[in-house]
file input.txt (compact mmCIF, N, CA and C atoms)
# COMPACT_ATOMS: atom_id res chain seq x y z
N MET A 52 153.39 201.42 230.05
CA MET A 52 152.81 200.09 229.99
C MET A 52 151.50 200.09 230.77
N SER A 53 150.45 199.57 230.21
CA SER A 53 149.16 199.58 230.88
C SER A 53 149.06 198.46 231.90
N GLU A 54 148.23 198.68 232.89
CA GLU A 54 148.01 197.69 233.91
C GLU A 54 147.12 196.59 233.36
N ARG A 55 147.46 195.34 233.65
CA ARG A 55 146.69 194.19 233.16
C ARG A 55 146.03 193.51 234.35
N ALA A 56 145.05 192.69 234.05
CA ALA A 56 144.32 191.99 235.10
C ALA A 56 145.23 191.14 235.97
N GLY A 57 146.25 190.54 235.40
CA GLY A 57 147.16 189.70 236.16
C GLY A 57 148.03 190.49 237.11
N ASP A 58 148.14 191.82 236.93
CA ASP A 58 148.99 192.65 237.76
C ASP A 58 148.24 193.25 238.95
N ASP A 59 146.96 193.45 238.83
CA ASP A 59 146.18 194.12 239.87
C ASP A 59 144.79 193.51 239.91
N PRO A 60 144.40 192.95 241.07
CA PRO A 60 143.08 192.31 241.15
C PRO A 60 141.92 193.27 240.92
N ALA A 61 142.16 194.58 241.03
CA ALA A 61 141.09 195.54 240.80
C ALA A 61 140.84 195.80 239.32
N VAL A 62 141.81 195.43 238.48
CA VAL A 62 141.67 195.61 237.03
C VAL A 62 140.88 194.44 236.48
N PRO A 63 139.83 194.69 235.72
CA PRO A 63 139.03 193.58 235.20
C PRO A 63 139.82 192.71 234.23
N ILE A 64 139.48 191.46 234.21
CA ILE A 64 140.05 190.51 233.25
C ILE A 64 139.35 190.75 231.92
N GLU A 65 140.12 190.97 230.88
CA GLU A 65 139.56 191.14 229.53
C GLU A 65 139.38 189.77 228.92
N ILE A 66 138.14 189.40 228.68
CA ILE A 66 137.82 188.08 228.12
C ILE A 66 137.19 188.27 226.76
N LEU A 67 137.73 187.57 225.77
CA LEU A 67 137.08 187.53 224.46
C LEU A 67 136.41 186.17 224.35
N LEU A 68 135.09 186.19 224.30
CA LEU A 68 134.29 184.97 224.14
C LEU A 68 133.87 184.89 222.69
N VAL A 69 134.30 183.84 222.01
CA VAL A 69 133.94 183.64 220.61
C VAL A 69 132.93 182.50 220.59
N GLU A 70 131.67 182.87 220.47
CA GLU A 70 130.55 181.92 220.63
C GLU A 70 129.36 182.40 219.82
N ASP A 71 128.78 181.50 219.04
CA ASP A 71 127.64 181.88 218.20
C ASP A 71 126.29 181.55 218.82
N ASP A 72 126.26 180.81 219.91
CA ASP A 72 125.00 180.43 220.53
C ASP A 72 124.64 181.43 221.63
N PRO A 73 123.57 182.24 221.44
CA PRO A 73 123.20 183.24 222.44
C PRO A 73 122.96 182.64 223.83
N GLY A 74 122.44 181.44 223.89
CA GLY A 74 122.21 180.78 225.18
C GLY A 74 123.52 180.49 225.89
N ASP A 75 124.53 180.04 225.14
CA ASP A 75 125.83 179.78 225.74
C ASP A 75 126.51 181.07 226.18
N VAL A 76 126.31 182.14 225.42
CA VAL A 76 126.85 183.45 225.81
C VAL A 76 126.22 183.89 227.13
N LEU A 77 124.91 183.79 227.22
CA LEU A 77 124.20 184.20 228.43
C LEU A 77 124.64 183.41 229.65
N ILE A 78 124.71 182.11 229.53
CA ILE A 78 125.08 181.28 230.68
C ILE A 78 126.54 181.51 231.07
N THR A 79 127.39 181.81 230.10
CA THR A 79 128.80 182.10 230.41
C THR A 79 128.90 183.41 231.19
N ARG A 80 128.18 184.43 230.73
CA ARG A 80 128.17 185.71 231.46
C ARG A 80 127.65 185.52 232.89
N GLU A 81 126.57 184.76 233.02
CA GLU A 81 125.98 184.53 234.34
C GLU A 81 126.93 183.79 235.26
N ALA A 82 127.67 182.84 234.72
CA ALA A 82 128.61 182.07 235.54
C ALA A 82 129.73 182.97 236.06
N PHE A 83 130.26 183.85 235.22
CA PHE A 83 131.30 184.77 235.68
C PHE A 83 130.75 185.73 236.72
N GLU A 84 129.52 186.22 236.52
CA GLU A 84 128.90 187.12 237.50
C GLU A 84 128.66 186.41 238.82
N GLU A 85 128.15 185.19 238.75
CA GLU A 85 127.84 184.42 239.95
C GLU A 85 129.11 184.13 240.75
N HIS A 86 130.20 183.85 240.06
CA HIS A 86 131.45 183.52 240.74
C HIS A 86 132.21 184.79 241.16
N LYS A 87 131.68 185.93 240.76
CA LYS A 87 132.24 187.23 241.12
C LYS A 87 133.67 187.42 240.62
N VAL A 88 133.94 186.89 239.44
CA VAL A 88 135.23 187.14 238.80
C VAL A 88 135.11 188.50 238.12
N ARG A 89 135.95 189.44 238.51
CA ARG A 89 135.92 190.79 237.92
C ARG A 89 136.39 190.68 236.48
N ASN A 90 135.50 190.98 235.55
CA ASN A 90 135.84 190.79 234.15
C ASN A 90 135.07 191.73 233.26
N ARG A 91 135.53 191.78 232.03
CA ARG A 91 134.83 192.48 230.96
C ARG A 91 134.82 191.50 229.80
N ILE A 92 133.63 191.02 229.45
CA ILE A 92 133.50 190.03 228.38
C ILE A 92 133.06 190.72 227.10
N THR A 93 133.84 190.51 226.05
CA THR A 93 133.47 190.94 224.71
C THR A 93 133.11 189.68 223.94
N VAL A 94 132.02 189.73 223.19
CA VAL A 94 131.56 188.55 222.45
C VAL A 94 131.69 188.80 220.96
N CYS A 95 132.26 187.83 220.28
CA CYS A 95 132.25 187.78 218.82
C CYS A 95 131.53 186.50 218.44
N ALA A 96 130.59 186.59 217.51
CA ALA A 96 129.74 185.45 217.18
C ALA A 96 130.31 184.57 216.07
N ASP A 97 131.41 185.00 215.45
CA ASP A 97 132.02 184.15 214.43
C ASP A 97 133.52 184.39 214.40
N GLY A 98 134.23 183.50 213.73
CA GLY A 98 135.68 183.57 213.70
C GLY A 98 136.23 184.78 212.98
N ALA A 99 135.58 185.21 211.90
CA ALA A 99 136.07 186.37 211.15
C ALA A 99 136.03 187.62 212.04
N ASP A 100 134.95 187.79 212.79
CA ASP A 100 134.82 188.93 213.69
C ASP A 100 135.87 188.84 214.80
N ALA A 101 136.09 187.65 215.32
CA ALA A 101 137.09 187.46 216.38
C ALA A 101 138.48 187.84 215.89
N LEU A 102 138.82 187.44 214.67
CA LEU A 102 140.14 187.79 214.12
C LEU A 102 140.28 189.29 213.92
N ARG A 103 139.22 189.96 213.48
CA ARG A 103 139.26 191.43 213.37
C ARG A 103 139.51 192.05 214.75
N TYR A 104 138.82 191.53 215.75
CA TYR A 104 138.99 192.03 217.11
C TYR A 104 140.43 191.83 217.59
N LEU A 105 140.92 190.61 217.46
CA LEU A 105 142.27 190.29 217.94
C LEU A 105 143.35 191.10 217.23
N ARG A 106 143.13 191.35 215.95
CA ARG A 106 144.12 192.11 215.16
C ARG A 106 143.89 193.62 215.23
N ARG A 107 142.86 194.01 215.97
CA ARG A 107 142.50 195.42 216.15
C ARG A 107 142.22 196.12 214.81
N GLU A 108 141.50 195.39 213.98
CA GLU A 108 141.06 195.95 212.70
C GLU A 108 139.70 196.59 212.90
N PRO A 109 139.33 197.56 212.05
CA PRO A 109 138.02 198.21 212.20
C PRO A 109 136.90 197.17 212.26
N PRO A 110 135.96 197.35 213.14
CA PRO A 110 135.70 198.49 214.04
C PRO A 110 136.36 198.35 215.41
N TYR A 111 137.38 197.52 215.53
CA TYR A 111 138.00 197.23 216.83
C TYR A 111 139.38 197.84 216.99
N ALA A 112 139.65 198.94 216.34
CA ALA A 112 140.99 199.54 216.36
C ALA A 112 141.49 199.86 217.76
N THR A 113 140.58 200.18 218.68
CA THR A 113 140.99 200.54 220.04
C THR A 113 140.65 199.45 221.06
N ALA A 114 140.34 198.25 220.58
CA ALA A 114 139.96 197.16 221.48
C ALA A 114 141.13 196.77 222.38
N PRO A 115 140.82 196.45 223.65
CA PRO A 115 141.88 195.99 224.54
C PRO A 115 142.33 194.58 224.15
N ARG A 116 143.57 194.28 224.42
CA ARG A 116 144.08 192.92 224.18
C ARG A 116 143.46 192.00 225.22
N PRO A 117 142.86 190.89 224.81
CA PRO A 117 142.25 189.99 225.81
C PRO A 117 143.31 189.33 226.70
N ASP A 118 142.93 189.11 227.95
CA ASP A 118 143.76 188.33 228.86
C ASP A 118 143.53 186.85 228.64
N ILE A 119 142.31 186.52 228.20
CA ILE A 119 141.92 185.13 227.96
C ILE A 119 141.01 185.09 226.74
N LEU A 120 141.19 184.07 225.93
CA LEU A 120 140.32 183.82 224.78
C LEU A 120 139.54 182.55 225.05
N LEU A 121 138.21 182.67 225.15
CA LEU A 121 137.32 181.51 225.28
C LEU A 121 136.76 181.26 223.89
N LEU A 122 137.09 180.13 223.31
CA LEU A 122 136.84 179.90 221.89
C LEU A 122 136.05 178.63 221.64
N ASP A 123 134.91 178.80 220.98
CA ASP A 123 134.15 177.65 220.49
C ASP A 123 134.78 177.22 219.18
N LEU A 124 134.89 175.94 218.93
CA LEU A 124 135.46 175.46 217.67
C LEU A 124 134.46 175.48 216.53
N ASN A 125 133.21 175.21 216.84
CA ASN A 125 132.19 175.08 215.80
C ASN A 125 131.45 176.40 215.62
N LEU A 126 131.98 177.22 214.70
CA LEU A 126 131.42 178.54 214.44
C LEU A 126 131.03 178.64 212.97
N PRO A 127 130.09 179.54 212.66
CA PRO A 127 129.77 179.76 211.24
C PRO A 127 130.91 180.49 210.53
N GLY A 128 131.06 180.24 209.25
CA GLY A 128 132.10 180.92 208.47
C GLY A 128 133.47 180.46 208.88
N VAL A 129 134.31 181.40 209.31
CA VAL A 129 135.65 181.06 209.81
C VAL A 129 135.45 180.38 211.15
N ASP A 130 135.79 179.08 211.22
CA ASP A 130 135.52 178.35 212.45
C ASP A 130 136.63 178.55 213.48
N GLY A 131 136.41 178.02 214.66
CA GLY A 131 137.35 178.18 215.75
C GLY A 131 138.70 177.56 215.49
N ARG A 132 138.74 176.51 214.69
CA ARG A 132 140.02 175.89 214.35
C ARG A 132 140.91 176.86 213.57
N ALA A 133 140.29 177.60 212.64
CA ALA A 133 141.04 178.59 211.86
C ALA A 133 141.48 179.75 212.75
N VAL A 134 140.63 180.17 213.69
CA VAL A 134 141.01 181.23 214.63
C VAL A 134 142.19 180.76 215.47
N LEU A 135 142.11 179.56 215.95
CA LEU A 135 143.18 178.99 216.77
C LEU A 135 144.50 178.95 216.00
N ALA A 136 144.46 178.51 214.76
CA ALA A 136 145.66 178.46 213.93
C ALA A 136 146.23 179.87 213.71
N ALA A 137 145.36 180.84 213.47
CA ALA A 137 145.81 182.22 213.25
C ALA A 137 146.44 182.81 214.51
N VAL A 138 145.84 182.54 215.66
CA VAL A 138 146.38 183.03 216.94
C VAL A 138 147.75 182.39 217.19
N HIS A 139 147.84 181.11 216.95
CA HIS A 139 149.09 180.39 217.16
C HIS A 139 150.21 180.92 216.26
N ALA A 140 149.89 181.28 215.03
CA ALA A 140 150.88 181.72 214.05
C ALA A 140 151.30 183.18 214.22
N ASP A 141 150.56 183.95 215.00
CA ASP A 141 150.81 185.38 215.11
C ASP A 141 151.58 185.69 216.41
N PRO A 142 152.82 186.18 216.30
CA PRO A 142 153.60 186.46 217.50
C PRO A 142 152.97 187.52 218.41
N GLN A 143 152.11 188.37 217.85
CA GLN A 143 151.41 189.38 218.65
C GLN A 143 150.29 188.78 219.49
N LEU A 144 149.81 187.59 219.08
CA LEU A 144 148.63 186.99 219.73
C LEU A 144 148.92 185.69 220.46
N ASN A 145 150.00 184.99 220.11
CA ASN A 145 150.14 183.62 220.60
C ASN A 145 150.45 183.49 222.09
N ALA A 146 150.64 184.60 222.79
CA ALA A 146 150.81 184.53 224.24
C ALA A 146 149.48 184.59 224.99
N ILE A 147 148.39 184.88 224.28
CA ILE A 147 147.08 184.95 224.93
C ILE A 147 146.64 183.52 225.28
N PRO A 148 146.33 183.27 226.56
CA PRO A 148 145.85 181.93 226.92
C PRO A 148 144.52 181.64 226.21
N VAL A 149 144.41 180.44 225.68
CA VAL A 149 143.21 180.03 224.95
C VAL A 149 142.56 178.87 225.67
N VAL A 150 141.27 179.02 225.94
CA VAL A 150 140.47 177.94 226.49
C VAL A 150 139.45 177.58 225.42
N VAL A 151 139.54 176.36 224.92
CA VAL A 151 138.60 175.90 223.91
C VAL A 151 137.39 175.33 224.65
N LEU A 152 136.24 175.93 224.40
CA LEU A 152 134.96 175.46 224.94
C LEU A 152 134.15 174.96 223.76
N THR A 153 133.90 173.67 223.71
CA THR A 153 133.21 173.15 222.54
C THR A 153 132.39 171.92 222.85
N SER A 154 131.42 171.69 222.02
CA SER A 154 130.62 170.47 222.13
C SER A 154 131.24 169.35 221.30
N SER A 155 132.31 169.66 220.57
CA SER A 155 132.95 168.65 219.72
C SER A 155 133.54 167.53 220.56
N THR A 156 133.30 166.31 220.13
CA THR A 156 133.90 165.15 220.78
C THR A 156 134.92 164.49 219.85
N ALA A 157 135.22 165.14 218.74
CA ALA A 157 136.15 164.58 217.75
C ALA A 157 137.57 164.56 218.30
N GLU A 158 138.18 163.41 218.28
CA GLU A 158 139.55 163.24 218.76
C GLU A 158 140.52 164.16 218.01
N GLU A 159 140.29 164.33 216.71
CA GLU A 159 141.20 165.19 215.93
C GLU A 159 141.15 166.64 216.40
N ASP A 160 139.99 167.10 216.92
CA ASP A 160 139.90 168.46 217.45
C ASP A 160 140.77 168.60 218.70
N VAL A 161 140.74 167.61 219.56
CA VAL A 161 141.55 167.64 220.77
C VAL A 161 143.03 167.62 220.39
N LEU A 162 143.42 166.73 219.50
CA LEU A 162 144.83 166.63 219.09
C LEU A 162 145.31 167.91 218.42
N ARG A 163 144.52 168.45 217.52
CA ARG A 163 144.89 169.69 216.82
C ARG A 163 145.00 170.85 217.81
N SER A 164 144.09 170.92 218.77
CA SER A 164 144.15 171.97 219.78
C SER A 164 145.43 171.86 220.60
N GLN A 165 145.82 170.64 220.95
CA GLN A 165 147.05 170.44 221.71
C GLN A 165 148.27 170.85 220.88
N GLN A 166 148.26 170.55 219.59
CA GLN A 166 149.37 170.93 218.71
C GLN A 166 149.50 172.45 218.63
N LEU A 167 148.38 173.15 218.72
CA LEU A 167 148.39 174.60 218.64
C LEU A 167 148.50 175.25 220.03
N ARG A 168 148.93 174.48 221.00
CA ARG A 168 149.20 174.94 222.36
C ARG A 168 148.00 175.58 223.05
N VAL A 169 146.85 174.96 222.92
CA VAL A 169 145.69 175.42 223.66
C VAL A 169 145.96 175.17 225.14
N ASP A 170 145.61 176.14 225.97
CA ASP A 170 145.86 176.00 227.40
C ASP A 170 144.94 174.97 228.04
N THR A 171 143.68 174.97 227.64
CA THR A 171 142.72 174.00 228.17
C THR A 171 141.67 173.71 227.11
N TYR A 172 141.26 172.47 227.06
CA TYR A 172 140.22 172.02 226.14
C TYR A 172 139.09 171.50 227.01
N ILE A 173 137.95 172.18 227.00
CA ILE A 173 136.84 171.82 227.88
C ILE A 173 135.60 171.56 227.04
N ARG A 174 135.00 170.40 227.27
CA ARG A 174 133.73 170.10 226.60
C ARG A 174 132.67 171.01 227.21
N LYS A 175 131.82 171.55 226.35
CA LYS A 175 130.80 172.49 226.84
C LYS A 175 129.94 171.82 227.91
N PRO A 176 129.78 172.49 229.02
CA PRO A 176 128.90 171.95 230.06
C PRO A 176 127.45 172.01 229.62
N VAL A 177 126.69 171.13 230.19
CA VAL A 177 125.26 171.09 229.86
C VAL A 177 124.41 171.79 230.90
N ASP A 178 125.01 172.16 232.02
CA ASP A 178 124.23 172.84 233.05
C ASP A 178 125.08 173.92 233.74
N PHE A 179 124.40 174.77 234.48
CA PHE A 179 125.04 175.92 235.12
C PHE A 179 126.10 175.49 236.13
N ALA A 180 125.84 174.45 236.90
CA ALA A 180 126.81 173.99 237.90
C ALA A 180 128.11 173.56 237.23
N SER A 181 128.01 172.89 236.11
CA SER A 181 129.21 172.47 235.38
C SER A 181 129.97 173.69 234.86
N LEU A 182 129.25 174.68 234.37
CA LEU A 182 129.90 175.89 233.87
C LEU A 182 130.58 176.65 235.01
N MET A 183 129.97 176.66 236.18
CA MET A 183 130.60 177.30 237.34
C MET A 183 131.93 176.63 237.65
N HIS A 184 131.98 175.32 237.52
CA HIS A 184 133.23 174.60 237.73
C HIS A 184 134.28 175.07 236.72
N VAL A 185 133.89 175.26 235.48
CA VAL A 185 134.79 175.75 234.44
C VAL A 185 135.29 177.15 234.80
N VAL A 186 134.41 178.04 235.24
CA VAL A 186 134.80 179.40 235.61
C VAL A 186 135.81 179.36 236.76
N ARG A 187 135.58 178.51 237.75
CA ARG A 187 136.52 178.38 238.86
C ARG A 187 137.88 177.92 238.35
N ARG A 188 137.88 176.98 237.41
CA ARG A 188 139.15 176.51 236.83
C ARG A 188 139.86 177.64 236.09
N ILE A 189 139.10 178.40 235.33
CA ILE A 189 139.70 179.52 234.61
C ILE A 189 140.31 180.51 235.59
N GLU A 190 139.55 180.86 236.63
CA GLU A 190 140.05 181.80 237.62
C GLU A 190 141.32 181.27 238.27
N THR A 191 141.30 180.03 238.70
CA THR A 191 142.44 179.46 239.39
C THR A 191 143.67 179.37 238.51
N PHE A 192 143.51 178.80 237.32
CA PHE A 192 144.68 178.52 236.50
C PHE A 192 145.12 179.67 235.62
N TYR A 193 144.24 180.58 235.28
CA TYR A 193 144.62 181.64 234.35
C TYR A 193 144.71 183.01 234.97
N ILE A 194 144.26 183.15 236.19
CA ILE A 194 144.31 184.45 236.83
C ILE A 194 145.24 184.37 238.04
N SER A 195 144.93 183.54 238.99
CA SER A 195 145.74 183.42 240.20
C SER A 195 147.16 182.98 239.88
N VAL A 196 147.32 181.98 239.05
CA VAL A 196 148.65 181.49 238.71
C VAL A 196 149.42 182.54 237.94
N ARG A 197 148.80 183.22 236.99
CA ARG A 197 149.49 184.26 236.22
C ARG A 197 149.91 185.42 237.13
N ARG A 198 149.08 185.78 238.10
CA ARG A 198 149.45 186.85 239.05
C ARG A 198 150.71 186.45 239.81
N SER A 199 150.74 185.23 240.31
CA SER A 199 151.88 184.79 241.10
C SER A 199 153.15 184.70 240.25
N LEU A 200 153.03 184.39 238.96
CA LEU A 200 154.19 184.33 238.09
C LEU A 200 154.77 185.70 237.78
N ARG A 201 153.96 186.74 237.86
CA ARG A 201 154.40 188.10 237.54
C ARG A 201 155.02 188.81 238.74
N VAL A 202 154.89 188.22 239.93
CA VAL A 202 155.42 188.87 241.14
C VAL A 202 156.92 188.74 241.18
call {"tool": "encode", "arguments": {"input": "input.txt", "output": "structure tokens"}}
result
Amino acid sequence: MSERAGDDPAVPIEILLVEDDPGDVLITREAFEEHKVRNRITVCADGADALRYLRREPPYATAPRPDILLLDLNLPGVDGRAVLAAVHADPQLNAIPVVVLTSSTAEEDVLRSQQLRVDTYIRKPVDFASLMHVVRRIETFYISVRRSLRV
């Protein structure tokens, strides 16, 4: 059995960021670096690519299983809602914590995300300080808590 981020603080957290906006990708990477969360972020720019990654289909046959999925709902092609539904329906994937990061304010998106057992639904921050707050929440609730549950 391989060592996971939740088992050893020296092991990086495997994060799959599904985001099509290069600016949001950059600011997310910077926020994790600034907060010094040990991680390895893989980015998929659309839902179809994310599903290939999660299912370890070519070219991702040897991809690590993510510890956390950061998912934008509004993606080109296969959108985040479809990715979320696929993750929820797949017993190999549905244990991965999902944080929905989106600019969507639609009530139906929040309700559907809750039905699909999203761990957290966060409206996209508009500035770096807000994103840092999100990173701290992710670290606290998805890393520290998971470590303590595995002890």
call {"tool": "atom_distance", "arguments": {"input": "input.txt", "atom1": "atom CA of Thr156 of chain A", "atom2": "atom CA of Arg174 of chain A"}}
result
7.6 Å
call {"tool": "residues_around", "arguments": {"input": "input.txt", "residues": "Ile119 of chain A", "least_positions_apart": "5", "cutoff": "6 Å", "atoms": "all atoms listed in the file", "output": "ChimeraX atom specification"}}
result
/A:65-67,147-149
call {"tool": "select_by_dssp", "arguments": {"input": "input.txt", "residues": "chain A", "states": "alpha helix (DSSP H)", "output": "PyMOL selection string"}}
result
chain A and resi 73-85+98-105+131-140+158-166+179-189+196-201
call {"tool": "residues_around", "arguments": {"input": "input.txt", "residues": "Val88 of chain A", "least_positions_apart": "5", "cutoff": "7 Å", "atoms": "all atoms listed in the file", "output": "tab-separated table (two decimals) with N, CA and C atoms, in the frame of the given file"}}
result
chain	number	residue	atom	x	y	z
A	64	ILE	N	139.48	191.46	234.21
A	64	ILE	CA	140.05	190.51	233.25
A	64	ILE	C	139.35	190.75	231.92
A	82	ALA	N	127.67	182.84	234.72
A	82	ALA	CA	128.61	182.07	235.54
A	82	ALA	C	129.73	182.97	236.06
A	83	PHE	N	130.26	183.85	235.22
A	83	PHE	CA	131.30	184.77	235.68
A	83	PHE	C	130.75	185.73	236.72
call {"tool": "select_by_dssp", "arguments": {"input": "input.txt", "residues": "chain A", "states": "strand (DSSP E)", "output": "NGL selection string"}}
result
:A and (64-69 or 90-95 or 119-122 or 149-153 or 171-174)
call {"tool": "closest_residue", "arguments": {"input": "input.txt", "among": "A:Arg106, A:Arg168, A:Arg91, A:Arg163", "to": "Pro63 of chain A", "atoms": "all atoms listed in the file"}}
result
A:Arg91
call {"tool": "closest_residue", "arguments": {"input": "input.txt", "among": "A:His86, A:Val186, A:Glu108, A:Cys95", "to": "Asp72 of chain A", "atoms": "only N, CA and C atoms"}}
result
A:Cys95
call {"tool": "closest_residue", "arguments": {"input": "input.txt", "among": "A:Ala140, A:Val62, A:Tyr111, A:Pro73", "to": "Asn90 of chain A", "atoms": "only N, CA and C atoms"}}
result
A:Val62
call {"tool": "atom_distance", "arguments": {"input": "input.txt", "atom1": "atom N of Tyr172 of chain A", "atom2": "atom C of Val150 of chain A"}}
result
5.7 Å
